[in-house]
Amino acid sequence: MSLYEKHVFVCENQRPEGDPRGCCASKGASAFTSALKQMVKDAGLSKKVRVNKSGCLDQCAFGAVVVVYPEGVWYRGVTADDAKEVFEQHILAGLPVERLRLKRAEKN
Ligand code: FES
């Protein structure tokens, strides 16, 4: 049994500048996290929807990377500008945002 209806993990892993792997922290991950957390709070859904920052999700080339459970839907290249769409379309309506999805064939 899941404690939350939706559990969102946002990679905020940080690596030194110049690291060839890059990192999600340098691609705006924390701004996405903050925006999404605020939307969840404003909607009064904090007991049903949990947004956590995570360490590296091993898909660094596609950052910033997000995964939403229980569906296990992965998103790639998210920015704070995408938070509203993810919130309204996926978290509230249950429909993954197809244009942001990280497809199985793309994964490392
Ligand atoms: S640094 Fe974000 S997936 Fe690796």
# chains A, B, ... in the order shown; residues from 1 in each chain; ligands from 1
call {"tool": "residues_near_ligand", "arguments": {"ligand": "ligand 1", "cutoff": "12 Å", "atoms": "only C-alpha atoms and all ligand atoms", "output": "VMD selection string"}}
result
chain A and resid 9 to 16 19 to 30 53 to 67 74 to 78 102 107 to 108
call {"tool": "select_by_dssp", "arguments": {"residues": "chain A", "states": "strand (DSSP E)", "output": "PyMOL selection string"}}
result
chain A and resi 6-11+49-54+66-69+73-75
call {"tool": "select_by_dssp", "arguments": {"residues": "chain A", "states": "alpha helix (DSSP H)", "output": "number ranges by chain"}}
result
A: 29-42, 83-85
call {"tool": "write_last_selection", "arguments": {"atoms": "C-alpha atoms", "output": "PDB file, in the first residue's frame"}}
result
ATOM      1  CA  ALA A  29      15.868  20.850 -11.182  1.00  0.00           C
ATOM      2  CA  SER A  30      15.455  22.667  -7.894  1.00  0.00           C
ATOM      3  CA  ALA A  31      13.289  25.368  -9.483  1.00  0.00           C
ATOM      4  CA  PHE A  32      11.007  22.630 -10.819  1.00  0.00           C
ATOM      5  CA  THR A  33      10.849  21.017  -7.368  1.00  0.00           C
ATOM      6  CA  SER A  34      10.020  24.302  -5.667  1.00  0.00           C
ATOM      7  CA  ALA A  35       7.322  25.192  -8.180  1.00  0.00           C
ATOM      8  CA  LEU A  36       5.669  21.775  -8.005  1.00  0.00           C
ATOM      9  CA  LYS A  37       5.811  21.659  -4.205  1.00  0.00           C
ATOM     10  CA  GLN A  38       4.131  25.044  -4.024  1.00  0.00           C
ATOM     11  CA  MET A  39       1.337  23.952  -6.367  1.00  0.00           C
ATOM     12  CA  VAL A  40       0.720  20.826  -4.287  1.00  0.00           C
ATOM     13  CA  LYS A  41       0.622  22.901  -1.112  1.00  0.00           C
ATOM     14  CA  ASP A  42      -1.636  25.568  -2.597  1.00  0.00           C
ATOM     15  CA  ALA A  83       5.732  22.307 -13.416  1.00  0.00           C
ATOM     16  CA  LYS A  84       2.232  23.673 -14.025  1.00  0.00           C
ATOM     17  CA  GLU A  85       1.592  21.258 -16.887  1.00  0.00           C
TER      18      GLU A  85
END
call {"tool": "residues_around", "arguments": {"residues": "Val97 of chain A", "least_positions_apart": "4", "cutoff": "10 Å", "atoms": "only C-alpha atoms", "output": "MDAnalysis selection string"}}
result
chainID A and resid 73:75 82 85:90 101
call {"tool": "write_last_selection", "arguments": {"atoms": "N, CA and C atoms", "output": "PDB file, in the first residue's frame"}}
result
ATOM      1  N   VAL A  73       6.232   6.821 -14.368  1.00  0.00           N
ATOM      2  CA  VAL A  73       6.408   7.652 -15.568  1.00  0.00           C
ATOM      3  C   VAL A  73       7.617   8.561 -15.364  1.00  0.00           C
ATOM      4  N   TRP A  74       8.521   8.530 -16.328  1.00  0.00           N
ATOM      5  CA  TRP A  74       9.737   9.348 -16.276  1.00  0.00           C
ATOM      6  C   TRP A  74       9.597  10.542 -17.196  1.00  0.00           C
ATOM      7  N   TYR A  75      10.134  11.682 -16.704  1.00  0.00           N
ATOM      8  CA  TYR A  75      10.179  12.889 -17.527  1.00  0.00           C
ATOM      9  C   TYR A  75      11.621  13.326 -17.690  1.00  0.00           C
ATOM     10  N   ASP A  82       7.685  23.837 -16.786  1.00  0.00           N
ATOM     11  CA  ASP A  82       6.893  22.626 -17.031  1.00  0.00           C
ATOM     12  C   ASP A  82       6.090  22.188 -15.804  1.00  0.00           C
ATOM     13  N   GLU A  85       2.167  22.275 -16.009  1.00  0.00           N
ATOM     14  CA  GLU A  85       1.592  21.258 -16.887  1.00  0.00           C
ATOM     15  C   GLU A  85       1.657  19.878 -16.235  1.00  0.00           C
ATOM     16  N   VAL A  86       2.776  19.551 -15.604  1.00  0.00           N
ATOM     17  CA  VAL A  86       2.899  18.261 -14.917  1.00  0.00           C
ATOM     18  C   VAL A  86       1.878  18.190 -13.783  1.00  0.00           C
ATOM     19  N   PHE A  87       1.732  19.287 -13.053  1.00  0.00           N
ATOM     20  CA  PHE A  87       0.779  19.291 -11.938  1.00  0.00           C
ATOM     21  C   PHE A  87      -0.657  19.119 -12.433  1.00  0.00           C
ATOM     22  N   GLU A  88      -1.056  19.954 -13.362  1.00  0.00           N
ATOM     23  CA  GLU A  88      -2.460  19.939 -13.795  1.00  0.00           C
ATOM     24  C   GLU A  88      -2.812  18.688 -14.592  1.00  0.00           C
ATOM     25  N   GLN A  89      -1.918  18.314 -15.495  1.00  0.00           N
ATOM     26  CA  GLN A  89      -2.249  17.197 -16.387  1.00  0.00           C
ATOM     27  C   GLN A  89      -1.987  15.834 -15.755  1.00  0.00           C
ATOM     28  N   HIS A  90      -0.847  15.701 -15.071  1.00  0.00           N
ATOM     29  CA  HIS A  90      -0.503  14.381 -14.527  1.00  0.00           C
ATOM     30  C   HIS A  90      -0.987  14.204 -13.089  1.00  0.00           C
ATOM     31  N   ARG A 101       7.991  13.023 -21.725  1.00  0.00           N
ATOM     32  CA  ARG A 101       8.313  11.665 -21.269  1.00  0.00           C
ATOM     33  C   ARG A 101       9.671  11.190 -21.757  1.00  0.00           C
TER      34      ARG A 101
END
call {"tool": "decode", "arguments": {"residues": "segment 6-33 of chain A", "atoms": "N, CA and C atoms", "output": "PDB file, in the first residue's frame"}}
result
ATOM      1  N   LYS A   6       0.334  10.050  -5.224  1.00  0.00           N
ATOM      2  CA  LYS A   6       1.410  10.323  -6.188  1.00  0.00           C
ATOM      3  C   LYS A   6       2.673  10.644  -5.395  1.00  0.00           C
ATOM      4  N   HIS A   7       3.769  10.073  -5.859  1.00  0.00           N
ATOM      5  CA  HIS A   7       5.055  10.358  -5.215  1.00  0.00           C
ATOM      6  C   HIS A   7       6.030  10.723  -6.328  1.00  0.00           C
ATOM      7  N   VAL A   8       6.503  11.957  -6.273  1.00  0.00           N
ATOM      8  CA  VAL A   8       7.331  12.519  -7.338  1.00  0.00           C
ATOM      9  C   VAL A   8       8.768  12.662  -6.837  1.00  0.00           C
ATOM     10  N   PHE A   9       9.698  12.130  -7.604  1.00  0.00           N
ATOM     11  CA  PHE A   9      11.120  12.269  -7.279  1.00  0.00           C
ATOM     12  C   PHE A   9      11.787  13.103  -8.358  1.00  0.00           C
ATOM     13  N   VAL A  10      12.450  14.154  -7.926  1.00  0.00           N
ATOM     14  CA  VAL A  10      13.149  15.051  -8.844  1.00  0.00           C
ATOM     15  C   VAL A  10      14.639  14.946  -8.561  1.00  0.00           C
ATOM     16  N   CYS A  11      15.401  14.538  -9.561  1.00  0.00           N
ATOM     17  CA  CYS A  11      16.854  14.450  -9.361  1.00  0.00           C
ATOM     18  C   CYS A  11      17.419  15.858  -9.200  1.00  0.00           C
ATOM     19  N   GLU A  12      18.072  16.083  -8.091  1.00  0.00           N
ATOM     20  CA  GLU A  12      18.758  17.364  -7.858  1.00  0.00           C
ATOM     21  C   GLU A  12      20.244  17.122  -7.627  1.00  0.00           C
ATOM     22  N   ASN A  13      20.715  16.007  -8.146  1.00  0.00           N
ATOM     23  CA  ASN A  13      22.129  15.686  -7.963  1.00  0.00           C
ATOM     24  C   ASN A  13      23.003  16.791  -8.558  1.00  0.00           C
ATOM     25  N   GLN A  14      24.077  17.104  -7.836  1.00  0.00           N
ATOM     26  CA  GLN A  14      25.003  18.160  -8.267  1.00  0.00           C
ATOM     27  C   GLN A  14      26.396  17.580  -8.452  1.00  0.00           C
ATOM     28  N   ARG A  15      27.006  17.934  -9.568  1.00  0.00           N
ATOM     29  CA  ARG A  15      28.391  17.530  -9.823  1.00  0.00           C
ATOM     30  C   ARG A  15      29.217  18.779 -10.085  1.00  0.00           C
ATOM     31  N   PRO A  16      30.526  18.656  -9.940  1.00  0.00           N
ATOM     32  CA  PRO A  16      31.375  19.822 -10.206  1.00  0.00           C
ATOM     33  C   PRO A  16      31.231  20.290 -11.652  1.00  0.00           C
ATOM     34  N   GLU A  17      31.379  21.599 -11.834  1.00  0.00           N
ATOM     35  CA  GLU A  17      31.316  22.163 -13.175  1.00  0.00           C
ATOM     36  C   GLU A  17      32.377  21.495 -14.053  1.00  0.00           C
ATOM     37  N   GLY A  18      31.999  21.160 -15.254  1.00  0.00           N
ATOM     38  CA  GLY A  18      32.933  20.525 -16.177  1.00  0.00           C
ATOM     39  C   GLY A  18      32.892  19.009 -16.148  1.00  0.00           C
ATOM     40  N   ASP A  19      32.161  18.432 -15.202  1.00  0.00           N
ATOM     41  CA  ASP A  19      32.035  16.973 -15.158  1.00  0.00           C
ATOM     42  C   ASP A  19      31.316  16.537 -16.432  1.00  0.00           C
ATOM     43  N   PRO A  20      31.891  15.603 -17.180  1.00  0.00           N
ATOM     44  CA  PRO A  20      31.286  15.211 -18.460  1.00  0.00           C
ATOM     45  C   PRO A  20      29.890  14.607 -18.351  1.00  0.00           C
ATOM     46  N   ARG A  21      29.558  14.107 -17.189  1.00  0.00           N
ATOM     47  CA  ARG A  21      28.219  13.517 -17.031  1.00  0.00           C
ATOM     48  C   ARG A  21      27.143  14.578 -16.850  1.00  0.00           C
ATOM     49  N   GLY A  22      27.559  15.811 -16.495  1.00  0.00           N
ATOM     50  CA  GLY A  22      26.569  16.843 -16.215  1.00  0.00           C
ATOM     51  C   GLY A  22      25.777  16.497 -14.980  1.00  0.00           C
ATOM     52  N   CYS A  23      24.784  17.282 -14.685  1.00  0.00           N
ATOM     53  CA  CYS A  23      23.928  16.974 -13.541  1.00  0.00           C
ATOM     54  C   CYS A  23      22.620  17.740 -13.650  1.00  0.00           C
ATOM     55  N   CYS A  24      21.621  17.214 -12.974  1.00  0.00           N
ATOM     56  CA  CYS A  24      20.287  17.821 -13.028  1.00  0.00           C
ATOM     57  C   CYS A  24      20.243  19.145 -12.259  1.00  0.00           C
ATOM     58  N   ALA A  25      21.089  19.286 -11.245  1.00  0.00           N
ATOM     59  CA  ALA A  25      21.095  20.534 -10.476  1.00  0.00           C
ATOM     60  C   ALA A  25      21.450  21.720 -11.370  1.00  0.00           C
ATOM     61  N   SER A  26      22.308  21.490 -12.364  1.00  0.00           N
ATOM     62  CA  SER A  26      22.727  22.587 -13.242  1.00  0.00           C
ATOM     63  C   SER A  26      21.710  22.865 -14.341  1.00  0.00           C
ATOM     64  N   LYS A  27      20.638  22.072 -14.374  1.00  0.00           N
ATOM     65  CA  LYS A  27      19.627  22.215 -15.430  1.00  0.00           C
ATOM     66  C   LYS A  27      18.278  22.655 -14.875  1.00  0.00           C
ATOM     67  N   GLY A  28      18.293  23.242 -13.709  1.00  0.00           N
ATOM     68  CA  GLY A  28      17.069  23.840 -13.178  1.00  0.00           C
ATOM     69  C   GLY A  28      16.170  22.925 -12.378  1.00  0.00           C
ATOM     70  N   ALA A  29      16.705  21.807 -11.895  1.00  0.00           N
ATOM     71  CA  ALA A  29      15.868  20.850 -11.182  1.00  0.00           C
ATOM     72  C   ALA A  29      15.233  21.442  -9.926  1.00  0.00           C
ATOM     73  N   SER A  30      16.000  22.187  -9.166  1.00  0.00           N
ATOM     74  CA  SER A  30      15.455  22.667  -7.894  1.00  0.00           C
ATOM     75  C   SER A  30      14.323  23.678  -8.112  1.00  0.00           C
ATOM     76  N   ALA A  31      14.384  24.427  -9.188  1.00  0.00           N
ATOM     77  CA  ALA A  31      13.289  25.368  -9.483  1.00  0.00           C
ATOM     78  C   ALA A  31      12.013  24.605  -9.828  1.00  0.00           C
ATOM     79  N   PHE A  32      12.169  23.475 -10.524  1.00  0.00           N
ATOM     80  CA  PHE A  32      11.007  22.630 -10.819  1.00  0.00           C
ATOM     81  C   PHE A  32      10.431  22.085  -9.516  1.00  0.00           C
ATOM     82  N   THR A  33      11.300  21.570  -8.652  1.00  0.00           N
ATOM     83  CA  THR A  33      10.849  21.017  -7.368  1.00  0.00           C
ATOM     84  C   THR A  33      10.082  22.064  -6.566  1.00  0.00           C
TER      85      THR A  33
END
